[in-house]
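Listing of target.pdb; format and content: PDB, C-alpha atoms.
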ATOM      1  CA  MET A   1     215.266 163.303  44.852
ATOM      2  CA  LEU A   2     211.552 163.399  45.265
ATOM      3  CA  LYS A   3     209.707 165.682  42.916
ATOM      4  CA  THR A   4     206.932 167.491  44.587
ATOM      5  CA  PRO A   5     204.394 169.470  42.595
ATOM      6  CA  LEU A   6     205.932 172.697  43.944
ATOM      7  CA  LEU A   7     209.498 171.642  42.997
ATOM      8  CA  THR A   8     208.340 170.565  39.527
ATOM      9  CA  LYS A   9     206.628 173.939  39.077
ATOM     10  CA  GLN A  10     209.796 175.815  40.167
ATOM     11  CA  ILE A  11     211.998 173.812  37.781
ATOM     12  CA  LYS A  12     209.568 174.406  34.922
ATOM     13  CA  HIS A  13     209.358 178.128  35.788
ATOM     14  CA  HIS A  14     213.179 178.406  35.862
ATOM     15  CA  HIS A  15     213.441 176.578  32.537
ATOM     16  CA  ASP A  16     210.869 178.898  30.901
ATOM     17  CA  HIS A  17     212.768 181.992  32.076
ATOM     18  CA  SER A  18     216.084 180.707  30.780
ATOM     19  CA  ASP A  19     214.487 180.119  27.369
ATOM     20  CA  GLN A  20     213.109 183.674  27.393
ATOM     21  CA  ARG A  21     216.529 185.081  28.263
ATOM     22  CA  LYS A  22     218.049 183.189  25.358
ATOM     23  CA  CYS A  23     215.444 184.556  22.975
ATOM     24  CA  GLN A  24     215.908 188.137  24.148
ATOM     25  CA  LYS A  25     219.540 188.355  22.997
ATOM     26  CA  LYS A  26     219.929 190.594  19.998
ATOM     27  CA  PRO A  27     221.949 189.240  17.101
ATOM     28  CA  LYS A  28     225.352 190.804  16.611
ATOM     29  CA  ILE A  29     225.586 192.845  13.466
ATOM     30  CA  ARG A  30     229.003 193.033  11.926
ATOM     31  CA  SER A  31     229.678 196.306  10.193
ATOM     32  CA  ARG A  32     232.597 198.492   9.343
ATOM     33  CA  SER A  33     233.877 200.691  12.067
ATOM     34  CA  ASN A  34     233.346 204.418  11.898
ATOM     35  CA  SER A  35     237.064 205.011  11.486
ATOM     36  CA  SER A  36     237.276 202.922   8.303
ATOM     37  CA  ASN A  37     234.221 204.742   6.937
ATOM     38  CA  ARG A  38     235.888 208.080   7.688
ATOM     39  CA  GLN A  39     239.114 206.969   6.001
ATOM     40  CA  GLU A  40     237.209 205.842   2.925
ATOM     41  CA  LYS A  41     235.347 209.157   2.766
ATOM     42  CA  ALA A  42     238.597 211.095   3.134
ATOM     43  CA  TYR A  43     240.157 208.992   0.370
ATOM     44  CA  GLU A  44     237.198 209.696  -1.935
ATOM     45  CA  GLU A  45     237.329 213.417  -1.073
ATOM     46  CA  GLY A  46     241.014 213.434  -1.944
ATOM     47  CA  LEU A  47     240.255 211.799  -5.264
ATOM     48  CA  LYS A  48     237.800 214.604  -6.057
ATOM     49  CA  THR A  49     240.721 217.026  -5.769
ATOM     50  CA  VAL A  50     242.729 214.819  -8.117
ATOM     51  CA  GLU A  51     239.822 214.641 -10.564
ATOM     52  CA  GLU A  52     239.648 218.462 -10.573
ATOM     53  CA  PHE A  53     243.367 218.512 -11.369
ATOM     54  CA  PHE A  54     242.728 216.354 -14.438
ATOM     55  CA  THR A  55     239.816 218.497 -15.665
ATOM     56  CA  THR A  56     241.846 221.716 -15.422
ATOM     57  CA  ASN A  57     245.137 220.270 -16.694
ATOM     58  CA  ASN A  58     244.821 219.559 -20.420
ATOM     59  CA  SER A  59     248.467 218.521 -20.816
ATOM     60  CA  SER A  60     248.091 215.397 -18.673
ATOM     61  CA  PRO A  61     249.400 212.244 -20.420
ATOM     62  CA  ILE A  62     246.435 210.173 -19.143
ATOM     63  CA  THR A  63     242.828 210.706 -18.084
ATOM     64  CA  PHE A  64     241.525 210.598 -14.524
ATOM     65  CA  LEU A  65     239.957 207.178 -15.176
ATOM     66  CA  GLN A  66     243.291 205.786 -16.384
ATOM     67  CA  PHE A  67     244.994 207.256 -13.325
ATOM     68  CA  ARG A  68     242.346 205.782 -11.021
ATOM     69  CA  TYR A  69     242.809 202.401 -12.716
ATOM     70  CA  ILE A  70     246.538 202.467 -11.910
ATOM     71  CA  LEU A  71     245.982 203.787  -8.382
ATOM     72  CA  ASP A  72     243.385 201.123  -7.583
ATOM     73  CA  ASN A  73     245.370 198.228  -9.036
ATOM     74  CA  PHE A  74     249.082 198.855  -8.426
ATOM     75  CA  THR A  75     249.051 196.856  -5.178
ATOM     76  CA  LEU A  76     247.671 193.713  -6.819
ATOM     77  CA  LYS A  77     250.259 190.953  -7.037
ATOM     78  CA  SER A  78     248.670 189.564 -10.203
ATOM     79  CA  MET A  79     249.534 192.694 -12.240
ATOM     80  CA  ASN A  80     252.901 194.354 -12.421
ATOM     81  CA  ILE A  81     253.412 198.086 -12.875
ATOM     82  CA  HIS A  82     254.609 197.700 -16.472
ATOM     83  CA  THR A  83     251.328 195.998 -17.429
ATOM     84  CA  LEU A  84     249.310 198.681 -15.632
ATOM     85  CA  THR A  85     251.109 201.552 -17.367
ATOM     86  CA  LYS A  86     250.808 199.798 -20.726
ATOM     87  CA  ASN A  87     247.059 199.261 -20.165
ATOM     88  CA  ALA A  88     246.710 202.969 -19.310
ATOM     89  CA  ASN A  89     248.709 204.005 -22.415
ATOM     90  CA  THR A  90     251.479 205.723 -20.496
ATOM     91  CA  ASP A  91     255.047 205.096 -19.373
ATOM     92  CA  LEU A  92     256.835 205.073 -16.018
ATOM     93  CA  ILE A  93     258.533 208.478 -16.393
ATOM     94  CA  SER A  94     255.345 210.302 -17.469
ATOM     95  CA  LEU A  95     253.433 208.745 -14.603
ATOM     96  CA  MET A  96     256.145 209.728 -12.099
ATOM     97  CA  ASP A  97     256.049 213.333 -13.317
ATOM     98  CA  LEU A  98     252.249 213.329 -13.050
ATOM     99  CA  LEU A  99     252.394 211.901  -9.506
ATOM    100  CA  TYR A 100     254.794 214.654  -8.483
ATOM    101  CA  SER A 101     252.311 217.302  -9.671
ATOM    102  CA  ILE A 102     249.352 215.590  -8.026
ATOM    103  CA  ARG A 103     251.055 215.041  -4.652
ATOM    104  CA  GLU A 104     251.491 218.817  -4.288
ATOM    105  CA  ILE A 105     247.724 219.421  -4.257
ATOM    106  CA  VAL A 106     246.597 216.394  -2.215
ATOM    107  CA  LYS A 107     245.803 217.178   1.428
ATOM    108  CA  TYR A 108     244.428 213.827   2.593
ATOM    109  CA  ARG A 109     246.958 211.676   4.402
ATOM    110  CA  GLN A 110     245.736 208.249   3.228
ATOM    111  CA  LEU A 111     245.747 209.278  -0.414
ATOM    112  CA  LYS A 112     249.139 210.944  -0.067
ATOM    113  CA  ILE A 113     250.559 207.728   1.425
ATOM    114  CA  ARG A 114     249.107 205.696  -1.440
ATOM    115  CA  LEU A 115     250.576 208.106  -4.000
ATOM    116  CA  SER A 116     253.975 207.839  -2.292
ATOM    117  CA  LYS A 117     253.847 204.042  -2.419
ATOM    118  CA  LEU A 118     252.998 204.179  -6.122
ATOM    119  CA  ALA A 119     255.851 206.636  -6.750
ATOM    120  CA  GLN A 120     258.262 204.360  -4.897
ATOM    121  CA  LEU A 121     257.117 201.366  -6.948
ATOM    122  CA  LEU A 122     257.570 203.342 -10.172
ATOM    123  CA  PHE A 123     261.056 204.398  -9.111
ATOM    124  CA  GLN A 124     262.014 200.791  -8.349
ATOM    125  CA  ALA A 125     260.616 199.643 -11.698
ATOM    126  CA  LEU A 126     262.773 202.058 -13.681
ATOM    127  CA  PRO A 127     265.574 200.361 -15.577
ATOM    128  CA  PRO A 128     269.010 201.021 -14.082
ATOM    129  CA  GLN A 129     270.775 203.927 -15.743
ATOM    130  CA  GLU A 130     274.037 203.205 -17.393
ATOM    131  CA  SER A 131     276.913 205.074 -15.852
ATOM    132  CA  PRO A 132     279.377 206.752 -18.202
ATOM    133  CA  VAL A 133     282.641 204.873 -18.455
TER     134      VAL A 133
END

Reformat the file's structure so that it appears as structure tokens.
Amino acid sequence: MLKTPLLTKQIKHHHDHSDQRKCQKKPKIRSRSNSSNRQEKAYEEGLKTVEEFFTTNNSSPITFLQFRYILDNFTLKSMNIHTLTKNANTDLISLMDLLYSIREIVKYRQLKIRLSKLAQLLFQALPPQESPV
């Protein structure tokens, strides 16, 4: 193919435009979706309700911070529920009773689900009761 000055100019012009198009692309920014942000906000709002429960209920066996510690860590495979309750200075039965009281006031679905999962784990961790013979 013979390169004429006009053809060379057209090729160069096309090449310059393709470089400009490449430069004009905006970088993709990865961020959380709005739905996960909403869920996180709802979860935090629900925890405010739980924190209010702890400030008004003086007979609670643990503090809000101890409760939050258990709630945030019970799904970790590296720590079992017995270690968590021991670290929070409570026992399985007291924590189950507390969860029952808290679940009644919680309105947020995500937090309620998490509380139910914790309650189920506590129930499964209870030692089997001896049946009378």

- [ ] Name the residues in contact with region 60-75 of chain A at a cut-off of 10 Å, using all atoms listed in the file, excluding same-chain residues fewer than 4 positions from it; report them as number ranges by chain.
- [x] A: 47, 50-56, 79-85, 87-91, 94-95, 97-99, 111, 114-115, 117-118, 121-122

Open item on the list: Nearest residue to Arg109 (chain A) out of A:Asn37, A:Lys86, A:Ala42, A:Gln124, using all atoms listed in the file?
Closed with: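 For Arg109 (chain A), the nearest of the candidates is A:Ala42.
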
Open item on the list: Just the number, please: distance in Å from CA of Val106 (chain A) to CA of Ser78 (chain A), one decimal.
Closed with: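 Distance reported for this atom pair: 28.1 Å.
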
Task: Residue among A:Leu126, A:Lys107, A:Tyr43, A:Thr49 lying closest to Leu92 (chain A), counting all atoms listed in the file - done: A:Leu126

Hey, can I get the axis-aligned box for region 35-54 of chain A? All listed atoms, 6 Å padding on each side, centre and edge lengths in Å to one decimal, as lines of an AutoDock Vina configuration file.
center_x = 238.8
center_y = 210.7
center_z = -1.5
size_x = 21.1
size_y = 27.6
size_z = 37.9

Open item on the list: One number please: CA of Tyr100 (chain A) to CA of Lys48 (chain A), in Å, one decimal.
Closed with: 17.2 Å

- [ ] Take CA of Glu40 (chain A) and CA of Gln110 (chain A) and report the distance between them in Å, one decimal.
- [x] 8.9 Å
